[in-house]
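**Q** Just target.cif, nothing more (mmCIF, C-alpha atoms):
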data_run
#
loop_
_atom_site.label_atom_id
_atom_site.label_comp_id
_atom_site.auth_asym_id
_atom_site.auth_seq_id
_atom_site.Cartn_x
_atom_site.Cartn_y
_atom_site.Cartn_z
CA MET K 152 8.59 8.75 -21.03
CA ASN K 153 9.07 9.23 -17.29
CA PHE K 154 9.58 12.91 -16.52
CA TYR K 155 6.31 14.42 -17.80
CA MET K 156 5.20 15.93 -14.47
CA LYS K 157 8.45 17.84 -13.98
CA PRO K 158 11.44 17.98 -16.41
CA MET K 159 14.57 15.98 -15.61
CA MET K 160 17.53 17.87 -14.22
CA PRO K 161 19.57 19.04 -17.28
CA VAL K 162 22.86 17.55 -16.02
CA LEU K 163 21.27 14.06 -16.11
CA LEU K 164 19.82 14.29 -19.63
CA ASN K 165 22.86 12.97 -21.50
CA LEU K 166 24.41 10.91 -18.72
CA ASN K 167 25.31 7.40 -19.95
CA MET K 168 27.07 4.53 -18.18
CA SER K 169 27.37 0.79 -18.74
CA PHE K 170 25.20 -1.37 -16.50
CA ILE K 171 27.96 -2.83 -14.34
CA PHE K 172 29.44 0.60 -13.58
CA ALA K 173 25.98 2.04 -12.92
CA LEU K 174 25.32 -0.87 -10.54
CA ILE K 175 28.58 -0.25 -8.68
CA MET K 176 27.80 3.47 -8.54
CA GLY K 177 24.42 2.66 -7.01
CA GLY K 178 26.14 0.51 -4.40
CA LEU K 179 28.68 3.26 -3.63
CA MET K 180 25.95 5.89 -3.24
CA ALA K 181 24.04 3.60 -0.89
CA ALA K 182 27.27 2.96 1.06
CA LEU K 183 27.84 6.73 1.34
CA PHE K 184 24.38 7.31 2.77
CA GLY K 185 24.81 4.26 5.00
CA PHE K 186 28.01 5.78 6.37
CA LEU K 187 26.44 9.24 6.88
CA ILE K 188 23.45 7.74 8.70
CA GLY K 189 25.41 5.03 10.52
CA ALA K 190 28.00 7.36 12.03
CA PRO K 191 25.52 9.18 14.34
CA VAL K 192 22.93 6.38 14.68
CA LEU K 193 25.30 3.58 15.71
CA LYS K 194 26.01 5.36 18.97
CA LEU K 195 22.60 4.00 19.98
CA THR K 196 21.95 0.41 20.97
CA ASP K 197 19.17 -2.19 20.99
CA ASP K 198 15.62 -0.91 20.37
CA TYR K 199 16.73 2.71 20.00
CA LEU K 200 18.99 1.75 17.09
CA ALA K 201 16.16 -0.10 15.33
CA ILE K 202 13.76 2.84 15.79
CA ALA K 203 16.34 5.35 14.51
CA THR K 204 17.21 3.32 11.39
CA LEU K 205 13.53 2.80 10.53
CA GLY K 206 12.96 6.53 11.01
CA PHE K 207 15.82 7.39 8.66
CA SER K 208 14.57 4.93 6.03
CA GLU K 209 11.20 6.65 6.01
CA ILE K 210 12.86 10.09 5.82
CA ILE K 211 14.92 9.01 2.79
CA ARG K 212 11.83 7.57 1.08
CA VAL K 213 9.92 10.84 1.53
CA VAL K 214 12.90 12.87 0.28
CA ILE K 215 13.15 10.69 -2.84
CA ILE K 216 9.43 11.18 -3.51
CA ASN K 217 9.94 14.96 -3.45
CA LEU K 218 13.03 14.99 -5.73
CA GLN K 219 10.91 14.86 -8.89
CA SER K 220 13.53 16.30 -11.25
CA ILE K 221 15.96 13.52 -10.25
CA THR K 222 13.87 10.50 -9.24
CA ASN K 223 10.53 11.32 -10.93
CA GLY K 224 8.96 11.33 -7.47
CA SER K 225 6.37 8.74 -6.51
CA LEU K 226 5.91 7.76 -10.17
CA GLY K 227 9.40 6.26 -10.24
CA LEU K 228 11.33 5.16 -13.32
CA LYS K 229 9.59 3.07 -15.96
CA GLY K 230 10.77 1.24 -19.07
CA ILE K 231 14.13 0.14 -17.68
CA PRO K 232 15.58 -2.08 -20.48
CA LYS K 233 16.33 -5.74 -19.97
CA LEU K 234 19.99 -6.70 -19.70
CA LEU K 235 21.71 -8.38 -22.60
CA ILE K 236 24.00 -11.38 -22.15
CA ASN K 237 26.45 -13.02 -24.54
CA GLU K 238 24.88 -15.22 -27.24
CA ARG K 239 27.06 -18.22 -26.31
CA VAL K 240 26.16 -17.86 -22.63
CA SER K 241 22.51 -17.66 -23.64
CA GLU K 242 22.77 -20.95 -25.56
CA LEU K 243 24.77 -22.63 -22.78
CA PHE K 244 22.17 -21.91 -20.06
CA GLY K 245 19.18 -22.14 -22.38
CA VAL K 246 17.85 -18.67 -21.57
CA SER K 247 16.94 -15.60 -23.56
CA GLN K 248 19.65 -13.09 -24.37
CA ARG K 249 17.53 -10.39 -22.74
CA THR K 250 17.50 -11.79 -19.23
CA ASN K 251 18.39 -10.57 -15.76
CA LEU K 252 18.47 -13.91 -13.95
CA LEU K 253 22.11 -14.69 -14.70
CA TRP K 254 23.15 -11.23 -13.52
CA ALA K 255 21.12 -11.61 -10.31
CA TRP K 256 22.34 -15.13 -9.50
CA GLY K 257 25.92 -14.37 -10.49
CA ILE K 258 26.15 -11.31 -8.25
CA ALA K 259 24.33 -13.16 -5.45
CA ILE K 260 26.97 -15.93 -5.56
CA LEU K 261 29.80 -13.38 -5.62
CA THR K 262 28.24 -11.60 -2.63
CA ILE K 263 27.98 -14.83 -0.62
CA VAL K 264 31.61 -15.71 -1.43
CA PHE K 265 32.75 -12.22 -0.43
CA MET K 266 30.84 -12.36 2.86
CA LYS K 267 32.26 -15.78 3.71
CA LEU K 268 35.81 -14.58 3.05
CA LEU K 269 35.16 -11.41 5.05
CA MET K 270 33.84 -13.34 8.06
CA LYS K 271 36.88 -15.64 8.03
CA GLY K 272 39.26 -12.67 8.27
CA SER K 273 40.17 -10.46 11.23
CA TYR K 274 37.33 -8.00 10.52
CA GLY K 275 34.81 -10.83 10.45
CA LYS K 276 36.06 -12.15 13.78
CA ALA K 277 35.73 -8.65 15.23
CA PHE K 278 32.15 -8.42 13.90
CA LYS K 279 31.30 -11.75 15.54
CA ALA K 280 32.87 -10.68 18.83
CA ILE K 281 30.81 -7.48 18.86
CA ARG K 282 27.66 -9.43 18.06
CA GLU K 283 28.21 -11.88 20.90
CA ASP K 284 29.32 -9.46 23.64
CA GLU K 285 30.15 -5.78 23.11
CA ILE K 286 31.74 -5.36 26.54
CA ALA K 287 34.06 -8.33 26.03
CA ALA K 288 34.92 -7.11 22.52
CA ARG K 289 35.80 -3.65 23.85
CA SER K 290 37.97 -5.16 26.56
CA MET K 291 39.90 -7.05 23.85
CA GLY K 292 40.77 -3.75 22.16
CA ILE K 293 38.20 -3.87 19.34
CA ASN K 294 37.04 -0.42 18.22
CA LEU K 295 33.25 -0.87 18.43
CA PHE K 296 32.29 2.32 16.62
CA LYS K 297 34.69 1.73 13.71
CA HIS K 298 33.58 -1.84 13.12
CA LYS K 299 29.86 -1.02 13.50
CA VAL K 300 30.09 1.78 10.93
CA MET K 301 32.08 -0.51 8.61
CA SER K 302 29.45 -3.22 8.93
CA PHE K 303 26.65 -0.71 8.28
CA THR K 304 28.45 0.70 5.22
CA ILE K 305 29.19 -2.72 3.69
CA GLY K 306 25.57 -3.77 4.23
CA SER K 307 24.36 -0.55 2.58
CA PHE K 308 26.64 -1.14 -0.42
CA PHE K 309 25.15 -4.57 -1.09
CA ALA K 310 21.64 -3.21 -0.50
CA GLY K 311 22.34 -0.66 -3.24
CA ILE K 312 23.54 -3.41 -5.57
CA GLY K 313 20.39 -5.39 -4.80
CA GLY K 314 18.22 -2.37 -5.54
CA GLY K 315 19.86 -1.92 -8.93
CA LEU K 316 19.28 -5.58 -9.80
CA LEU K 317 15.66 -5.30 -8.61
CA ALA K 318 15.08 -2.31 -10.90
CA ALA K 319 16.60 -4.13 -13.88
CA SER K 320 14.58 -7.27 -13.12
CA LEU K 321 11.20 -5.53 -12.75
CA GLY K 322 11.77 -2.94 -15.47
CA THR K 323 10.44 -0.26 -13.14
CA ILE K 324 11.34 1.15 -9.73
CA ASP K 325 9.57 3.57 -7.40
CA PRO K 326 9.65 4.54 -3.69
CA THR K 327 6.47 2.61 -2.85
CA LEU K 328 8.42 -0.65 -3.20
CA PHE K 329 10.57 0.26 -0.19
CA LYS K 330 8.03 0.43 2.59
CA PHE K 331 8.17 -1.39 5.93
CA ALA K 332 6.84 -4.60 4.36
CA LEU K 333 10.12 -5.08 2.49
CA THR K 334 12.09 -4.62 5.72
CA PHE K 335 9.83 -7.21 7.32
CA ASN K 336 10.55 -9.72 4.52
CA ILE K 337 14.32 -9.26 4.87
CA LEU K 338 14.06 -9.60 8.66
CA LEU K 339 12.09 -12.82 8.21
CA MET K 340 14.84 -14.21 5.94
CA VAL K 341 17.53 -13.41 8.51
CA VAL K 342 15.58 -14.88 11.44
CA LEU K 343 14.57 -18.06 9.58
CA GLY K 344 18.09 -18.53 8.23
CA GLY K 345 19.74 -17.97 11.60
CA MET K 346 21.43 -14.83 12.87
CA GLY K 347 24.93 -14.61 11.39
CA ASN K 348 24.48 -17.75 9.29
CA ILE K 349 25.20 -16.90 5.62
CA ASN K 350 24.19 -20.27 4.15
CA GLY K 351 20.95 -20.39 6.12
CA THR K 352 20.01 -16.83 5.18
CA ALA K 353 20.63 -17.53 1.46
CA VAL K 354 18.42 -20.63 1.59
CA ALA K 355 15.76 -18.76 3.60
CA ALA K 356 15.74 -15.96 0.99
CA VAL K 357 14.98 -18.48 -1.78
CA VAL K 358 12.33 -20.31 0.30
CA ILE K 359 10.54 -17.11 1.38
CA THR K 360 10.59 -15.58 -2.11
CA ILE K 361 9.00 -18.72 -3.56
CA ALA K 362 6.52 -18.98 -0.67
CA MET K 363 5.47 -15.33 -1.05
CA GLU K 364 4.41 -16.06 -4.63
CA ALA K 365 2.95 -19.52 -3.89
CA LEU K 366 0.74 -18.13 -1.08
CA ARG K 367 -0.82 -15.34 -3.14
CA PHE K 368 -4.06 -17.35 -3.20
CA LEU K 369 -4.53 -16.44 0.48
CA ASP K 370 -5.22 -12.82 -0.54
CA GLU K 371 -7.94 -13.89 -2.97
CA SER K 372 -11.42 -15.34 -2.56
CA MET K 373 -11.25 -19.09 -1.87
CA ASN K 374 -13.89 -21.77 -2.53
CA LEU K 375 -13.56 -24.39 0.23
CA GLY K 376 -16.48 -26.49 -1.05
CA PHE K 377 -18.89 -25.79 1.78
CA VAL K 378 -18.17 -22.05 1.97
CA THR K 379 -16.59 -19.34 -0.14
CA THR K 380 -14.36 -16.96 1.76
CA PRO K 381 -14.15 -13.29 0.75
CA ALA K 382 -10.94 -11.82 -0.61
CA LEU K 383 -8.64 -10.80 2.25
CA PRO K 384 -5.75 -8.71 0.90
CA GLY K 385 -2.75 -8.97 3.21
CA LEU K 386 -3.65 -12.38 4.68
CA ARG K 387 -0.39 -13.91 3.47
CA MET K 388 1.51 -11.25 5.41
CA VAL K 389 -0.43 -12.31 8.50
CA VAL K 390 0.68 -15.90 7.86
CA PHE K 391 4.30 -14.79 7.53
CA SER K 392 3.99 -12.76 10.73
CA LEU K 393 2.81 -15.87 12.58
CA ILE K 394 5.71 -17.87 11.12
CA LEU K 395 8.16 -15.20 12.29
CA MET K 396 6.73 -15.21 15.83
CA LEU K 397 6.85 -19.01 16.03
CA VAL K 398 10.45 -19.10 14.82
CA VAL K 399 11.52 -16.41 17.29
CA ILE K 400 9.81 -18.24 20.16
CA PHE K 401 10.86 -21.82 19.42
CA LYS K 402 13.92 -21.57 17.13
CA LYS K 403 15.87 -18.50 18.12
CA ASP K 404 19.01 -19.69 16.33
CA GLY K 405 17.19 -20.16 13.02
CA PHE K 406 14.91 -22.86 11.60
CA ILE K 407 16.83 -23.18 8.30
CA LYS K 408 20.15 -23.26 10.18
CA ASN K 409 18.97 -26.16 12.35
CA THR K 410 17.55 -28.02 9.35
CA LEU K 411 20.81 -27.66 7.39
CA GLY K 412 22.74 -28.84 10.46
CA LYS K 413 20.59 -31.99 10.75
CA VAL K 414 21.00 -32.76 7.03
CA ARG K 415 24.78 -32.37 7.30
CA GLY K 416 24.82 -34.61 10.37
CA ARG K 417 22.94 -37.39 8.57
CA TYR K 418 25.24 -37.25 5.54
CA ALA K 419 28.30 -37.29 7.83
CA LYS K 420 27.03 -40.44 9.56
CA ASN K 421 26.38 -42.16 6.22
#
What is this file in structure tokens?

**A**
Amino acid sequence: MNFYMKPMMPVLLNLNMSFIFALIMGGLMAALFGFLIGAPVLKLTDDYLAIATLGFSEIIRVVIINLQSITNGSLGLKGIPKLLINERVSELFGVSQRTNLLWAWGIAILTIVFMKLLMKGSYGKAFKAIREDEIAARSMGINLFKHKVMSFTIGSFFAGIGGGLLAASLGTIDPTLFKFALTFNILLMVVLGGMGNINGTAVAAVVITIAMEALRFLDESMNLGFVTTPALPGLRMVVFSLILMLVVIFKKDGFIKNTLGKVRGRYAKN
């Protein structure tokens, strides 16, 4: 069904694995590449680090496109089956047995819980210290390189898990999905949610995902009554770019983070 341009590598033909183990394997492979890339790249700082990581992401995308016997190249993998859930669970939540939402939300909740526990521990405190002031963290005896690579590897692992869930949700996956626009969306979630704020970032991810779908009309022709505008593909990305710039300028510590703080303050007073 997929490998009609170039045959699949023979060793992969009869390879079978349950979904959860395949998902974990995807996360581990992403963590491995994150470690291999992070080890040399994390010696850089600031803008140079961002440029290097973006460069590596593009290199990996091009390599995947050219590994046709493994990845099916730019055509990607089609016909990925929907995930099955238990019949009782299906009845309890009122969803179809062939659904991916419970898997996605369940793993998202587990990820948030894990990150909160991690940040409360000694490693999390070291990560925060490095984020706030690298020189002060080094003077306190924190190994900057070790903790940076660890952070990069953990982030890569969860990115791999997310990619597996995305493939299962869409039913298809290909390298064109992972262009700079996706990086921009994730960056927007982090900035809107507040740097280092897990709750804010989770809320921002939900808000932005819904908004990206709700604002699709901006890319299409619009009848305003007195004038009909032509279709402008990419206009919604322009809107999101403006939102990002406004947030960075006026709310550097995160719009969602500030909003959640105000809501908590009002409930505390009541």

**Q** Take CA of Ile305 (chain K) and CA of Ala362 (chain K) and report the distance between them in Å, one decimal.

**A**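 The value is 28.2 Å.
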
**Q** If we count all atoms listed in the file and set the cut-off at 7 Å, which residues sit around Ser225 (chain K), ignoring sequence neighbours fewer than 5 positions away in its own chain? Please answer as a compact mmCIF listing (two decimals) with C-alpha atoms, in the frame of the given file.

**A**
# COMPACT_ATOMS: atom_id res chain seq x y z
CA ILE K 216 9.43 11.18 -3.51
CA ASP K 325 9.57 3.57 -7.40
CA PRO K 326 9.65 4.54 -3.69

**Q** Give as an MDAnalysis selection string each residue that has an atom at most 12 Å from (19.6, -17.9, 3.5) in the file, counting only C-alpha atoms.

**A** chainID K and resid 259:260 263 337:360 405:408 410:411

**Q** Take the residues from that selection and write them out as a PDB file, keeping the file's coordinate frame, keeping C-alpha atoms.

**A**
ATOM      1  CA  ALA K 259      24.330 -13.160  -5.450  1.00  0.00           C
ATOM      2  CA  ILE K 260      26.970 -15.930  -5.560  1.00  0.00           C
ATOM      3  CA  ILE K 263      27.980 -14.830  -0.620  1.00  0.00           C
ATOM      4  CA  ILE K 337      14.320  -9.260   4.870  1.00  0.00           C
ATOM      5  CA  LEU K 338      14.060  -9.600   8.660  1.00  0.00           C
ATOM      6  CA  LEU K 339      12.090 -12.820   8.210  1.00  0.00           C
ATOM      7  CA  MET K 340      14.840 -14.210   5.940  1.00  0.00           C
ATOM      8  CA  VAL K 341      17.530 -13.410   8.510  1.00  0.00           C
ATOM      9  CA  VAL K 342      15.580 -14.880  11.440  1.00  0.00           C
ATOM     10  CA  LEU K 343      14.570 -18.060   9.580  1.00  0.00           C
ATOM     11  CA  GLY K 344      18.090 -18.530   8.230  1.00  0.00           C
ATOM     12  CA  GLY K 345      19.740 -17.970  11.600  1.00  0.00           C
ATOM     13  CA  MET K 346      21.430 -14.830  12.870  1.00  0.00           C
ATOM     14  CA  GLY K 347      24.930 -14.610  11.390  1.00  0.00           C
ATOM     15  CA  ASN K 348      24.480 -17.750   9.290  1.00  0.00           C
ATOM     16  CA  ILE K 349      25.200 -16.900   5.620  1.00  0.00           C
ATOM     17  CA  ASN K 350      24.190 -20.270   4.150  1.00  0.00           C
ATOM     18  CA  GLY K 351      20.950 -20.390   6.120  1.00  0.00           C
ATOM     19  CA  THR K 352      20.010 -16.830   5.180  1.00  0.00           C
ATOM     20  CA  ALA K 353      20.630 -17.530   1.460  1.00  0.00           C
ATOM     21  CA  VAL K 354      18.420 -20.630   1.590  1.00  0.00           C
ATOM     22  CA  ALA K 355      15.760 -18.760   3.600  1.00  0.00           C
ATOM     23  CA  ALA K 356      15.740 -15.960   0.990  1.00  0.00           C
ATOM     24  CA  VAL K 357      14.980 -18.480  -1.780  1.00  0.00           C
ATOM     25  CA  VAL K 358      12.330 -20.310   0.300  1.00  0.00           C
ATOM     26  CA  ILE K 359      10.540 -17.110   1.380  1.00  0.00           C
ATOM     27  CA  THR K 360      10.590 -15.580  -2.110  1.00  0.00           C
ATOM     28  CA  GLY K 405      17.190 -20.160  13.020  1.00  0.00           C
ATOM     29  CA  PHE K 406      14.910 -22.860  11.600  1.00  0.00           C
ATOM     30  CA  ILE K 407      16.830 -23.180   8.300  1.00  0.00           C
ATOM     31  CA  LYS K 408      20.150 -23.260  10.180  1.00  0.00           C
ATOM     32  CA  THR K 410      17.550 -28.020   9.350  1.00  0.00           C
ATOM     33  CA  LEU K 411      20.810 -27.660   7.390  1.00  0.00           C
TER      34      LEU K 411
END

**Q** Let me know the residues the PyMOL selection byres ((chain K and resi 266-278) around 9) catches in the file above, as a list in words.

**A**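 With the shown file as input, the PyMOL selection byres ((chain K and resi 266-278) around 9) matches Leu261, Thr262, Ile263, Val264, Phe265, Lys279, Ala280, Ile281, Arg282, Glu283, Ala288, Ile293, Asn294, Leu295, His298, Lys299, Ser302 and Ile349 of chain K.
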
**Q** Give me, as a Markdown table, each residue of region 316-418 of chain K that comes within 12 Å of region 161-184 of chain K, together with its shortest interatomic pair and the distance in Å at one decimal, counting all atoms listed in the file, with rows ordered by chain and rising residue number.

**A**
| residue | atom | partner | partner_atom | distance |
| --- | --- | --- | --- | --- |
| K:Leu316 | CA | K:Leu174 | CA | 7.7 |
| K:Leu317 | CA | K:Leu174 | CA | 10.8 |
| K:Ala318 | CA | K:Leu174 | CA | 10.3 |
| K:Ala319 | CA | K:Phe170 | CA | 9.4 |

**Q** Please, what distance in Å, to one decimal, runs between CA of Lys330 (chain K) and CA of Ile221 (chain K)?

**A**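 Taking CA of Lys330 (chain K) and CA of Ile221 (chain K), their separation equals 20.0 Å.
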
**Q** Applying the PyMOL selection byres ((chain K and resi 366) around 12) to the file I just gave you, which residues come out? Please list them as a PyMOL selection string.

**A** chain K and resi 358-365+367-371+384-391

**Q** Rounded to one decimal in Å, what is the spacing between CA of Gly322 (chain K) and CA of Ser307 (chain K)?

**A** 22.1 Å
